[in-house]
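Notes follow once the structure below has been shown.
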2 protein chains.
Amino acid sequence: MVNQRADIGWQSSKSDSSGVSNSGESSKESSRCSTPVLDADRTDRLRDKMKRRIESGDRWFSLEFFPPRTAPGAVNLISRFDRMGSGGPLFIDVTWHPAGDPGSDKETSSMMIASTAVNYCGLESVLHLTCCNQTKEKITAHLNKAKRLGLKNIMALRGDPIGKDWVEEDGGFNYATDLVKHIRCEFDDYFDICVAGYPTGHPEAESYEDDLRHLKEKVDAGAHFIITQLFFRAETFLKFVKDCRAIGITCPILPGIFPIQGYHSLRQLVKLSKLEVPEEIMQVIEPIKDNDAAIRNYGIQQAVEMCKVLLASGEVPGLHFYTLNREVATMEVLRQLGLWAEDPRRPLPWAVSAHPKRKVEDVRPIFWASRPKSYIYRTQDWDDFPNGRWGNSSSPAFGELTDYYLFYLKSKSPKEALLQMWGEELMNEESVYEVFTNYITSQTNRNGHKVMCLPWNDDPLAPETNLLKDELEKVNRRGVLTINSQPNINGKPSSDPIVGWGPAGGYVFQKAYLEFFTSSENVTALLQVLKKYEPRVNYHIVNVQGRNTTNAHDMQPNAVTWGIFPGREIIQPTVVDPVSFMYWKDEAFALWIEQWAKLYEDESPSRMIIQYIHDNYFLVNLVDNDFPLDSCLWQVIEDMFTES
Amino acid sequence: MVNQRADIGWQSSKSDSSGVSNSGESSKESSRCSTPVLDADRTDRLRDKMKRRIESGDRWFSLEFFPPRTAPGAVNLISRFDRMGSGGPLFIDVTWHPAGDPGSDKETSSMMIASTAVNYCGLESVLHLTCCNQTKEKITAHLNKAKRLGLKNIMALRGDPIGKDWVEEDGGFNYATDLVKHIRCEFDDYFDICVAGYPTGHPEAESYEDDLRHLKEKVDAGAHFIITQLFFRAETFLKFVKDCRAIGITCPILPGIFPIQGYHSLRQLVKLSKLEVPEEIMQVIEPIKDNDAAIRNYGIQQAVEMCKVLLASGEVPGLHFYTLNREVATMEVLRQLGLWAEDPRRPLPWAVSAHPKRKVEDVRPIFWASRPKSYIYRTQDWDDFPNGRWGNSSSPAFGELTDYYLFYLKSKSPKEALLQMWGEELMNEESVYEVFTNYITSQTNRNGHKVMCLPWNDDPLAPETNLLKDELEKVNRRGVLTINSQPNINGKPSSDPIVGWGPAGGYVFQKAYLEFFTSSENVTALLQVLKKYEPRVNYHIVNVQGRNTTNAHDMQPNAVTWGIFPGREIIQPTVVDPVSFMYWKDEAFALWIEQWAKLYEDESPSRMIIQYIHDNYFLVNLVDNDFPLDSCLWQVIEDMFTES
């Protein structure tokens with residue numbers, strides 16, 4: 001190839017050379033969702049991701065959820081997305097229930113749940129949409145809204161007719177095919193479209209063959225892939241695939257896997273979907289129908305066996321799971337199949353949003369490290385996201401944080417639990433120091449409760465922060481109330497299980513960072529001490545009124561996390577930015593009041609203690625620029641205590 | 001300060017915090033020209049640079065040159081700019097000689113020389129301009145041209161009237177003041193303006209006092225600083241400054257220093273400027289007037305003594321040298337004064353252009369490392385320069401390289417010298433290998449000449465490349481004809497004398513890089529070998545026809561030099577970029593013909609050998625991504641030899 005002539009100049013050789021490059025990229029490893037590909041995985045359409053996986057022979061899984069009934073249910077489901085997202089699904093999908101106002105702005109609507117999955121959990125998501133008894137205007141409005149919210153994939157369904165006397169309507173949506181055509185007609189190629197397949201034929205179809213023809217119509221109308229109804233025998237699915245291929249359906253066909261999780265849920269599902277449970281399964285579960293655990297274990301084992309057959313057939317590129325919004329059974333099946341990503345490497349140190357307009361985002365301020373959903377919320381109106389460098393591309397017009405009650409920003413813990421963790425009654429500032437210390441040490445407080453979260457950290461300590469645990473404990477005990485920190489890292493492999501991120505073969509680096517609230521007396525001492533640490537330590541010190549004392553050079557951002565990778569420019573995903581720090585400051589101080597003080601009665605001593613801290617303490621951040629040396633930040637704090 | 005309230009919110013505290021930041025910046029060290037400040041020094045006006053230096057008490061020097069008479073003189077002067085620029089002048093200035101077509105495009109014109117100093121040598125430059133006997137239109141045209149070429153500073157002079165019968169013209173340019181006013185009127189604040197001061201009064205002035213008043217008028221009209229005529233006694237200048245201050249002249253006044261370099265040049269200058277040489281000096285030099293070396297030594301000593309008195313007075317922020325286009329005396333005076341930057345730290349690994357539109361430029365392809373002037377020339381029409389990341393901001397519309405005879409791109413060596421170095425007659429390809437090898441080893445060739453340059457490298461080997469000398473010698477001897485390379489660096493201090501660059505307190509890194517021409521047989525073997533080095537080694541392999549074989553990921557650039565500094569984002573000034581490599585390829589292959597083959601007669605065997613290499617060899621570049629390990633690139637080459 002090298003000695004071939006190419007008279008047409010280098011432009012035309014682009015495709016040639018990128019061909020070489022692509023063949024390197026389509027290796028088994030690099031096409032895995034859990035092995036991040038910074039570029040393609042963020043910009044590719046779902047259909048392209050599937051294509052790459054199929055070409056590389058790398059199997060995937062996907063997860064189906066239904067929208068919750070209640071607001072606390074929504075909070076729980078979003079946490080579940082975060083946990084199940086870590087296993088590396090290629091996508092999730094959210095069902096559509098016409099009776100439940102699925103397109104509304106309610107926190108429990110299908111639209112909101114799918115949007116939250118995309119925007120706040122960073123999950124590639126498919127929104128179901130049914131068209132039966134809907135006007136074109138209504139459907140178009142739903143699709144426009146979905147597009148606006150960053151959704152890129154639609155599962156086009158007819159849905160169940162409401163009432164028994166449903167008849168076909170001329171020019172209306174009578175079949176899913178009509179919806180597929182409508183989406184294509186109105187939105188061209190914007191959405192990836194999935195349609196449903198019925199391995200035993202749709203219950204209302206005239207025949208299995210007739211139903212296959214309908215499926216072919218849906219695909220011909222513009223669908224990109226098929227997810228099937230659940231089934232109980234591998235051979236049912238494999239025959240279906242063979243029949244589909246025979247009539248010319250060539251797109252991916254994903255088997256819908258339903259791990260049996262209980263006797264009653266099985267009965268209900270079977271009734272709704274008009275399926276028959278095979279005799280060999282009924283024989284096993286009827287005798288144990290009141291033993292939930294036994295049924296679940298059987299369901300897991302049955303699903304694993306069936307999936308093994310499917311995967312071994314070579315006809316199955318990925319498995320689609322009907323989770324029923326539960327975690328255990330599906331995760332266990334996936335673990336046993338080896339599809340659950342036990343060590344999901346991160347594309348960046350923070351969770352990447354899946355909204356298409358955020359696809360160039362690769363740098364964020366460190367301040368929101370524990371509140372990524374809040375950061376995404378406050379930057380949702382940005383038209384441009386910084387690409388590579390914060391200093392020049394950022395448009396730090398942060399949204400107001402007025403609504404602390406958005407469900408995806410809400411604490412997972414109810415008020416009672418928070419009071420148990422943070423104290424029914426505070427005696428003095430030291431009571432607050434104790435809460436912070438207990439959070440760091442994961443020890444039970446004097447009332448026997450573990451402090452599992454703080455207003456600034458809704459989750460237990462990150463593994464990385466654990467590296468600093470002893471030092472953090474010491475300083476929190478003395479009133480240096482830490483809310484964010486990272487150790488210095490001098491070139492660890494990008495595959496490091498704790499601090500690694502980014503593509504394989506790279507090296508990651510960090511500057512030591514520490515952010516805390518502390519008293520004005522401490523700050524006075526600290527400012528004295530910091531003179532000794534010029535220019536090694538950069539600092540920002542601010543109180544609630546917003547006076548920022550800093551030695552930041554020309555108000556420039558300081559990169560505190562960066563990575564060097566084969567064949568790429570430097571990636572510096574985390575910065576300490578003087579401008580956005582002032583927006584974070586507002587949020588960080590407000591959390592004292594919104595999340596903590598308001599747990600107590602007006603005018604109560606506990607509330608006044610928190611209010612006092614809010615009014616008088618300073619928020620401090622410190623960066624040790626000398627990343628190859630041991631962090632000097634602990635010594636800075638020690639010197640501050642000595643000085644004060 | 002920290003405990004002060006600021007009710008007005010953070011926006012208004014910006015100035016406060018940047019105040020803190022600025023006071024940190026105005027430290028003695030960071031205001032030095034030789035201690036690069038990436039940001040301010042590139043964006044500041046000359047007046048601001050002076051202001052910062054005066055505030056920090058950090059003395060500077062500047063250098064005056066006149067335009068050359070001949071084209072080879074221009075090539076030599078530009079090399080002198082490069083050499084004297086390395087000593088860290090705050091600026092240079094180029095005089096204006098109305099008789100010599102100073103505003104033309106001739107390579108010897110004042111305009112072209114000053115423009116080259118700014119654009120290609122990266123020197124802050126002041127262009128002289130005289131107005132006597134000129135129309136306003138002509139002057140405005142000169143100024144517009146200067147602005148277009150990136151010149152930002154004008155020395156406004158009256159100039160000598162042509163002919164003896166000059167009389168003042170109504171509304172014309174009769175005095176420098178008129179020119180200062182004109183510049184301000186037509187160009188507002190765009191130019192920094194310098195005017196001339198006469199420590200003993202202008203020879204044509206009615207009196208010393210009258211001349212001082214004229215100077216005050218020039219400054220009041222909008223001049224930013226003053227350079228004085230030469231003088232021979234420190235007290236002459238110090239009295240002058242005192243008198244200037246007394247009548248309200250507050251701007252910087254730079255003493256014009258003239259190290260006596262020869263008896264005749266002194267006589268001539270004194271005659272022209274109507275100055276008197278003091279008796280004590282004449283007494284010393286009259287007896288040694290035929291001993292040039294003795295006079296020069298005396299001149300150096302006399303200048304050093306006088307400068308010491310000036311600097312000690314506290315009235316002198318910087319010294320201005322009349323170099324007469326010579327290097328030795330001025331450099332020696334500056335060395336003895338401790339003002340010559342012996343170890344000029346570099347702001348970036350490559351020489352930064354001083355053109356205002358290039359001020360954001362901080363990343364370049366590695367290919368032009370030895371031909372920076374060519375790179376600047378070929379990108380002179382770019383409107384945007386990549387800021388921080390090549391991949392997203394570059395507009396790689398490279399200018400055609402049709403004119404190999406631009407004086408600033410010309411080899412410093414004449415044809416005869418090139419033939420001596422590269423061979424009057426080549427026998428075969430091995431003769432060419434020998435030339436490359438001799439260049440690397442700095443040994444004399446079989447005709448007793450040292451190979452001091454190659455078509456791709458007009459200067460002797462860089463100190464950094466010397467680190468690789470032994471390995472380079474080995475591979476060149478065997479036909480791997482290297483034209484560019486850098487060793488890997490894993491975090492050396494930014495102050496490192498060989499590989500360091502950028503602000504103090506940082507760390508610099510490099511990936512090992514090697515670029516060479518080699519035969520197609522070698523390339524065939526190399527492609528086999530490279531499979532073993534995936535993904536550690538990135539490569540681009542191209543022949544003159546332009547087929548690029550590469551494993552570059554999505555045609556992305558690879559950062560090969562980067563630095564981490566206190567309080568900043570990552571700086572990655574050098575990349576291997578697949579797109580610009582194809583433009584470099586054209587230039588690199590063309591240099592075989594333009595600079596080497598054309599030394600020989602048409603159809604001569606020597607010419608045909610070079611033509612054969614041009615037509616059949618490949619240009620290869622290799623990057624070892626694993627910068628913390630010893631470079632594997634030598635092993636790659638070794639494996640290639642074994643394979644072939």
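In the structure tokens, each chain is lettered A, B, ... as it comes, each chain's residues begin at 1, and ligands are numbered from 1 in order of appearance.
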Residue neighbourhood region 370-376 of chain A, 10 Å, only C-alpha atoms, exclusion window fewer than 5 positions, as a ChimeraX atom specification: /A:116,119-121,350-353,358,364-365,381-382,398-399,401,404,406,408-410,455-459,461-462,483-484,584,587
How about saving the chosen residues, N, CA and C atoms kept, as a compact mmCIF listing (two decimals), in the first residue's frame?
```txt
# COMPACT_ATOMS: atom_id res chain seq x y z
N THR A 116 -33.70 13.38 32.34
CA THR A 116 -32.77 13.36 33.46
C THR A 116 -31.68 12.30 33.24
N ASN A 119 -29.32 13.92 30.59
CA ASN A 119 -28.61 15.14 30.97
C ASN A 119 -27.82 15.00 32.25
N TYR A 120 -28.41 14.35 33.23
CA TYR A 120 -27.80 14.33 34.55
C TYR A 120 -27.09 13.03 34.87
N CYS A 121 -27.49 11.94 34.24
CA CYS A 121 -26.83 10.67 34.50
C CYS A 121 -25.90 10.27 33.36
N TRP A 350 -15.05 13.27 35.63
CA TRP A 350 -16.42 13.54 36.04
C TRP A 350 -17.36 12.88 35.04
N ALA A 351 -18.64 12.68 35.51
CA ALA A 351 -19.60 11.98 34.66
C ALA A 351 -20.03 12.87 33.51
N VAL A 352 -19.87 12.36 32.33
CA VAL A 352 -20.16 13.12 31.12
C VAL A 352 -21.65 13.11 30.85
N SER A 353 -22.21 14.25 30.55
CA SER A 353 -23.62 14.32 30.18
C SER A 353 -23.81 13.81 28.76
N ARG A 358 -23.70 19.03 24.69
CA ARG A 358 -22.56 19.01 25.60
C ARG A 358 -21.44 18.12 25.10
N ARG A 364 -14.32 21.22 33.34
CA ARG A 364 -15.27 21.78 34.30
C ARG A 364 -14.50 22.31 35.52
N PRO A 365 -15.10 23.27 36.23
CA PRO A 365 -14.50 23.68 37.50
C PRO A 365 -14.58 22.54 38.51
N ASP A 381 -28.22 26.30 30.11
CA ASP A 381 -28.54 27.27 29.06
C ASP A 381 -27.32 27.70 28.25
N TRP A 382 -26.17 27.14 28.56
CA TRP A 382 -24.97 27.51 27.79
C TRP A 382 -25.10 27.01 26.36
N PHE A 398 -23.79 31.43 34.72
CA PHE A 398 -24.40 30.34 35.46
C PHE A 398 -25.85 30.65 35.77
N GLY A 399 -26.70 29.65 35.64
CA GLY A 399 -28.10 29.84 36.01
C GLY A 399 -28.21 30.07 37.51
N LEU A 401 -29.39 29.49 41.19
CA LEU A 401 -29.77 28.28 41.90
C LEU A 401 -30.86 28.64 42.89
N TYR A 404 -33.98 24.63 45.09
CA TYR A 404 -33.22 23.54 45.69
C TYR A 404 -34.04 22.27 45.74
N LEU A 406 -35.51 20.75 43.01
CA LEU A 406 -35.54 19.96 41.79
C LEU A 406 -35.20 18.53 42.17
N TYR A 408 -33.81 16.05 40.84
CA TYR A 408 -32.51 15.45 40.61
C TYR A 408 -31.41 16.11 41.41
N LEU A 409 -31.75 17.17 42.15
CA LEU A 409 -30.77 17.79 43.04
C LEU A 409 -31.04 17.47 44.50
N LYS A 410 -32.15 16.78 44.73
CA LYS A 410 -32.58 16.53 46.09
C LYS A 410 -31.71 15.49 46.79
N PRO A 455 -24.38 18.34 53.32
CA PRO A 455 -25.11 19.14 52.30
C PRO A 455 -24.34 19.27 50.99
N TRP A 456 -23.02 19.21 51.04
CA TRP A 456 -22.20 19.39 49.84
C TRP A 456 -21.81 18.06 49.20
N ASN A 457 -22.10 16.97 49.91
CA ASN A 457 -21.70 15.64 49.43
C ASN A 457 -22.83 14.68 49.74
N ASP A 458 -23.63 14.35 48.73
CA ASP A 458 -24.78 13.50 48.99
C ASP A 458 -24.40 12.02 49.03
N ASP A 459 -23.15 11.73 48.68
CA ASP A 459 -22.71 10.34 48.68
C ASP A 459 -21.58 10.14 49.68
N LEU A 461 -17.87 9.19 51.06
CA LEU A 461 -16.56 9.63 50.58
C LEU A 461 -16.09 8.85 49.35
N ALA A 462 -15.58 9.58 48.34
CA ALA A 462 -15.05 8.93 47.15
C ALA A 462 -13.80 8.14 47.50
N ILE A 483 -14.95 20.29 52.27
CA ILE A 483 -16.06 19.84 51.42
C ILE A 483 -15.60 19.29 50.08
N ASN A 484 -14.31 19.41 49.77
CA ASN A 484 -13.82 18.92 48.48
C ASN A 484 -12.30 18.82 48.56
N TRP A 584 -20.01 29.28 42.54
CA TRP A 584 -20.03 28.13 43.45
C TRP A 584 -20.16 28.61 44.89
N GLU A 587 -23.62 29.00 45.95
CA GLU A 587 -24.28 27.70 46.15
C GLU A 587 -23.78 27.06 47.45
```
Could you check which of A:His320, A:Arg158, A:His214, A:Lys138 is closest to Phe258 (chain A), using only C-alpha atoms?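 Looking only at the distances to Phe258 (chain A), the closest residue turns out to be A:His320.
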Residues at most 8 Å from Val118 (chain A), counting only C-alpha atoms, excluding those fewer than 2 positions away in the same chain, as an MDAnalysis selection string? chainID A and resid 114:116 120:125 150:151 353:355
Among listed residues A:Ala329, A:Ala117, A:Val579, A:Leu212, nearest chain B (using only C-alpha atoms):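 Checking each of A:Ala329, A:Ala117, A:Val579, A:Leu212 against chain B, counting only C-alpha atoms, the winner is A:Val579.
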Restricting to only C-alpha atoms, whichever of A:Trp501, A:Phe61, A:Phe81, A:Tyr617 is closest to chain B is A:Tyr617
CA of Glu327 (chain A) to CA of Val195 (chain A), straight-line distance in Å: 24.9 Å
Kindly give the distance, in Å, that separates CA of Ile610 (chain A) and CA of Lys598 (chain A), rounded to a single decimal. 9.3 Å
Just the residues within 7 Å of Val529 (chain A), please, counting only C-alpha atoms, with nothing from its chain fewer than 2 positions along; format it as a VMD selection string. chain A and resid 525 to 527 531 to 532 636 639 to 640
Restricting the output to all heavy atoms, write the selected residues as an mmCIF file, in the first residue's frame.
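Written output follows (again36.cif):
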```cif
data_model
loop_
_atom_site.group_PDB
_atom_site.id
_atom_site.type_symbol
_atom_site.label_atom_id
_atom_site.label_comp_id
_atom_site.auth_asym_id
_atom_site.auth_seq_id
_atom_site.Cartn_x
_atom_site.Cartn_y
_atom_site.Cartn_z
ATOM 1 N N ALA A 525 -5.006 34.041 60.144
ATOM 2 C CA ALA A 525 -3.731 33.326 60.309
ATOM 3 C C ALA A 525 -3.274 32.733 58.980
ATOM 4 O O ALA A 525 -2.094 32.812 58.604
ATOM 5 C CB ALA A 525 -3.892 32.228 61.359
ATOM 6 N N LEU A 526 -4.232 32.175 58.248
ATOM 7 C CA LEU A 526 -3.902 31.511 56.982
ATOM 8 C C LEU A 526 -3.246 32.489 56.001
ATOM 9 O O LEU A 526 -2.260 32.162 55.325
ATOM 10 C CB LEU A 526 -5.186 30.925 56.376
ATOM 11 C CG LEU A 526 -5.037 30.148 55.067
ATOM 12 C CD1 LEU A 526 -4.129 28.938 55.249
ATOM 13 C CD2 LEU A 526 -6.401 29.694 54.554
ATOM 14 N N LEU A 527 -3.774 33.703 55.947
ATOM 15 C CA LEU A 527 -3.227 34.683 54.996
ATOM 16 C C LEU A 527 -1.772 35.013 55.334
ATOM 17 O O LEU A 527 -0.958 35.241 54.440
ATOM 18 C CB LEU A 527 -4.093 35.941 54.988
ATOM 19 C CG LEU A 527 -5.340 35.817 54.118
ATOM 20 C CD1 LEU A 527 -6.301 36.968 54.372
ATOM 21 C CD2 LEU A 527 -4.958 35.765 52.634
ATOM 22 N N LYS A 531 1.851 33.586 52.693
ATOM 23 C CA LYS A 531 2.962 34.361 52.115
ATOM 24 C C LYS A 531 4.214 33.508 51.954
ATOM 25 O O LYS A 531 4.987 33.687 51.016
ATOM 26 C CB LYS A 531 3.275 35.562 53.017
ATOM 27 C CG LYS A 531 2.193 36.619 53.010
ATOM 28 C CD LYS A 531 2.533 37.754 53.964
ATOM 29 C CE LYS A 531 1.340 38.709 54.080
ATOM 30 N NZ LYS A 531 1.480 39.614 55.235
ATOM 31 N N LYS A 532 4.396 32.583 52.889
ATOM 32 C CA LYS A 532 5.568 31.694 52.830
ATOM 33 C C LYS A 532 5.475 30.702 51.675
ATOM 34 O O LYS A 532 6.462 30.100 51.307
ATOM 35 C CB LYS A 532 5.662 30.863 54.125
ATOM 36 C CG LYS A 532 6.177 31.611 55.320
ATOM 37 C CD LYS A 532 6.577 30.631 56.428
ATOM 38 C CE LYS A 532 5.434 29.673 56.765
ATOM 39 N NZ LYS A 532 5.737 28.728 57.862
ATOM 40 N N VAL A 636 0.442 23.636 55.400
ATOM 41 C CA VAL A 636 -0.152 24.980 55.403
ATOM 42 C C VAL A 636 -1.191 25.088 56.523
ATOM 43 O O VAL A 636 -1.200 26.047 57.297
ATOM 44 C CB VAL A 636 -0.806 25.297 54.033
ATOM 45 C CG1 VAL A 636 -1.645 26.569 54.105
ATOM 46 C CG2 VAL A 636 0.244 25.418 52.938
ATOM 47 N N ASP A 639 0.522 25.030 59.901
ATOM 48 C CA ASP A 639 1.105 26.355 60.158
ATOM 49 C C ASP A 639 0.023 27.357 60.544
ATOM 50 O O ASP A 639 0.236 28.226 61.387
ATOM 51 C CB ASP A 639 1.833 26.875 58.905
ATOM 52 C CG ASP A 639 3.085 26.073 58.584
ATOM 53 O OD1 ASP A 639 3.412 25.144 59.361
ATOM 54 O OD2 ASP A 639 3.729 26.368 57.560
ATOM 55 N N MET A 640 -1.143 27.234 59.924
ATOM 56 C CA MET A 640 -2.247 28.142 60.246
ATOM 57 C C MET A 640 -2.677 27.965 61.702
ATOM 58 O O MET A 640 -2.858 28.932 62.433
ATOM 59 C CB MET A 640 -3.428 27.859 59.310
ATOM 60 C CG MET A 640 -4.676 28.682 59.614
ATOM 61 S SD MET A 640 -6.099 28.136 58.636
ATOM 62 C CE MET A 640 -6.706 26.775 59.664
#
```
Nearest to Trp634 (chain A), restricted to only C-alpha atoms and choosing among A:Tyr513, A:Phe589, A:Tyr539, A:Phe565, comes out as A:Tyr513
As a list in words, please: the residues near Val75 (chain B) (cut-off 12 Å, only C-alpha atoms, same-chain neighbours under 4 positions excluded). Pro67, Pro68, Arg69, Thr70, Ala71, Ser79, Arg80, Phe81, Asp82, Glu107, Thr108, Met112, Ile113, Thr116, Ala117, Tyr405, Leu406, Phe407, Tyr408, Leu409, Lys410, Ser411, Lys412, Ser413 and Pro414 of chain B
Going by DSSP on the backbone, which residues of region 434-468 of chain A come out as helix (DSSP H, G or I)? List them as a ChimeraX atom specification. /A:434-441,463-466
Write the residues of the selection above to a file with all heavy atoms, as a tab-separated table (two decimals), in the first residue's frame.
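This is the output file part_22.tsv:
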```
chain	number	residue	atom	x	y	z
A	434	GLU	N	-17.93	18.07	64.58
A	434	GLU	CA	-18.08	16.63	64.83
A	434	GLU	C	-18.81	15.95	63.68
A	434	GLU	O	-18.46	14.83	63.30
A	434	GLU	CB	-18.89	16.47	66.12
A	434	GLU	CG	-18.40	15.35	67.00
A	434	GLU	CD	-19.21	15.34	68.30
A	434	GLU	OE1	-18.91	16.18	69.18
A	434	GLU	OE2	-20.13	14.51	68.40
A	435	VAL	N	-19.83	16.63	63.15
A	435	VAL	CA	-20.56	16.04	62.01
A	435	VAL	C	-19.62	15.82	60.84
A	435	VAL	O	-19.60	14.76	60.22
A	435	VAL	CB	-21.75	16.95	61.60
A	435	VAL	CG1	-22.42	16.42	60.33
A	435	VAL	CG2	-22.76	17.05	62.74
A	436	PHE	N	-18.83	16.85	60.53
A	436	PHE	CA	-17.88	16.73	59.41
A	436	PHE	C	-16.88	15.59	59.68
A	436	PHE	O	-16.57	14.79	58.80
A	436	PHE	CB	-17.12	18.06	59.21
A	436	PHE	CG	-17.86	19.06	58.38
A	436	PHE	CD1	-18.86	19.86	58.94
A	436	PHE	CD2	-17.57	19.21	57.03
A	436	PHE	CE1	-19.54	20.80	58.15
A	436	PHE	CE2	-18.24	20.15	56.25
A	436	PHE	CZ	-19.23	20.94	56.81
A	437	THR	N	-16.39	15.53	60.90
A	437	THR	CA	-15.40	14.51	61.25
A	437	THR	C	-16.00	13.12	61.12
A	437	THR	O	-15.37	12.21	60.56
A	437	THR	CB	-14.88	14.73	62.68
A	437	THR	OG1	-14.49	16.09	62.82
A	437	THR	CG2	-13.70	13.82	62.98
A	438	ASN	N	-17.23	12.97	61.60
A	438	ASN	CA	-17.87	11.66	61.51
A	438	ASN	C	-18.12	11.25	60.05
A	438	ASN	O	-18.06	10.08	59.71
A	438	ASN	CB	-19.19	11.65	62.29
A	438	ASN	CG	-18.95	11.61	63.79
A	438	ASN	OD1	-17.94	11.06	64.25
A	438	ASN	ND2	-19.84	12.21	64.55
A	439	TYR	N	-18.40	12.24	59.22
A	439	TYR	CA	-18.59	11.93	57.80
A	439	TYR	C	-17.29	11.37	57.21
A	439	TYR	O	-17.30	10.38	56.49
A	439	TYR	CB	-19.02	13.19	57.04
A	439	TYR	CG	-19.07	13.00	55.54
A	439	TYR	CD1	-20.07	12.22	54.95
A	439	TYR	CD2	-18.11	13.57	54.72
A	439	TYR	CE1	-20.11	12.02	53.58
A	439	TYR	CE2	-18.15	13.39	53.34
A	439	TYR	CZ	-19.14	12.61	52.78
A	439	TYR	OH	-19.17	12.41	51.42
A	440	ILE	N	-16.17	12.02	57.57
A	440	ILE	CA	-14.87	11.59	57.04
A	440	ILE	C	-14.52	10.19	57.53
A	440	ILE	O	-14.07	9.33	56.76
A	440	ILE	CB	-13.76	12.58	57.48
A	440	ILE	CG1	-13.99	13.98	56.90
A	440	ILE	CG2	-12.37	12.05	57.10
A	440	ILE	CD1	-13.86	14.08	55.40
A	441	THR	N	-14.74	9.95	58.83
A	441	THR	CA	-14.28	8.68	59.41
A	441	THR	C	-15.27	7.55	59.21
A	441	THR	O	-14.94	6.39	59.48
A	441	THR	CB	-14.06	8.84	60.93
A	441	THR	OG1	-15.31	9.26	61.51
A	441	THR	CG2	-12.98	9.88	61.22
A	463	PRO	N	-13.55	7.04	46.75
A	463	PRO	CA	-12.36	6.23	47.05
A	463	PRO	C	-11.09	7.08	47.03
A	463	PRO	O	-10.18	6.90	47.83
A	463	PRO	CB	-12.31	5.22	45.90
A	463	PRO	CG	-13.65	5.24	45.27
A	463	PRO	CD	-14.28	6.54	45.58
A	464	GLU	N	-11.06	8.05	46.11
A	464	GLU	CA	-9.90	8.91	46.01
A	464	GLU	C	-9.70	9.74	47.27
A	464	GLU	O	-8.59	9.92	47.75
A	464	GLU	CB	-10.09	9.83	44.80
A	464	GLU	CG	-8.92	10.70	44.52
A	464	GLU	CD	-9.27	11.75	43.47
A	464	GLU	OE1	-10.35	12.34	43.54
A	464	GLU	OE2	-8.43	11.95	42.59
A	465	THR	N	-10.84	10.25	47.81
A	465	THR	CA	-10.75	11.07	49.02
A	465	THR	C	-10.31	10.22	50.20
A	465	THR	O	-9.65	10.70	51.13
A	465	THR	CB	-12.12	11.73	49.31
A	465	THR	OG1	-12.64	12.23	48.09
A	465	THR	CG2	-11.98	12.85	50.30
A	466	ASN	N	-10.67	8.95	50.15
A	466	ASN	CA	-10.23	8.03	51.20
A	466	ASN	C	-8.73	8.02	51.37
A	466	ASN	O	-8.22	7.78	52.46
A	466	ASN	CB	-10.71	6.62	50.87
A	466	ASN	CG	-11.85	6.21	51.78
A	466	ASN	OD1	-11.76	6.38	52.99
A	466	ASN	ND2	-12.92	5.69	51.20
```
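With only C-alpha atoms taken into account, the protein and nucleic acid residues at most 12 Å from Val270 (chain A) (excluding it and anything under 6 positions from it in its own chain) are Pro203, Gln229, Leu230, Phe231, Phe232, Phe258, Ile260, Tyr263, His264, Glu276, Val277 and Pro278 of chain A.
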Considering only C-alpha atoms, can you say which of A:Arg335, A:Arg607, A:His202, A:Arg547 comes closest to chain B?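 Answer, going by the shortest atom-to-atom distance: A:Arg547.
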List every residue of region 521-634 of chain B that DSSP, applied to the backbone of this structure, assigns to strand (DSSP E or B), and report them as JSON, numbers by chain. {"B": [537, 538, 539, 540, 541, 542, 543, 548, 549, 550, 558, 559, 560, 561, 562, 563, 564, 571, 572, 573, 574, 575, 576, 618, 619, 620, 621, 622, 623, 624]}
Point-to-point distance from CA of Leu629 (chain A) to CA of Pro493 (chain A), Å rounded to tenths: 17.9 Å
Go through B:Asp210, B:Glu430, B:Asp626, B:Glu521 one by one, measure the shortest atom-to-atom distance of each to Gly479 (chain B) using only C-alpha atoms, and give the residue with the smallest value.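 Comparing B:Asp210, B:Glu430, B:Asp626, B:Glu521 against Gly479 (chain B), the winner is B:Glu430.
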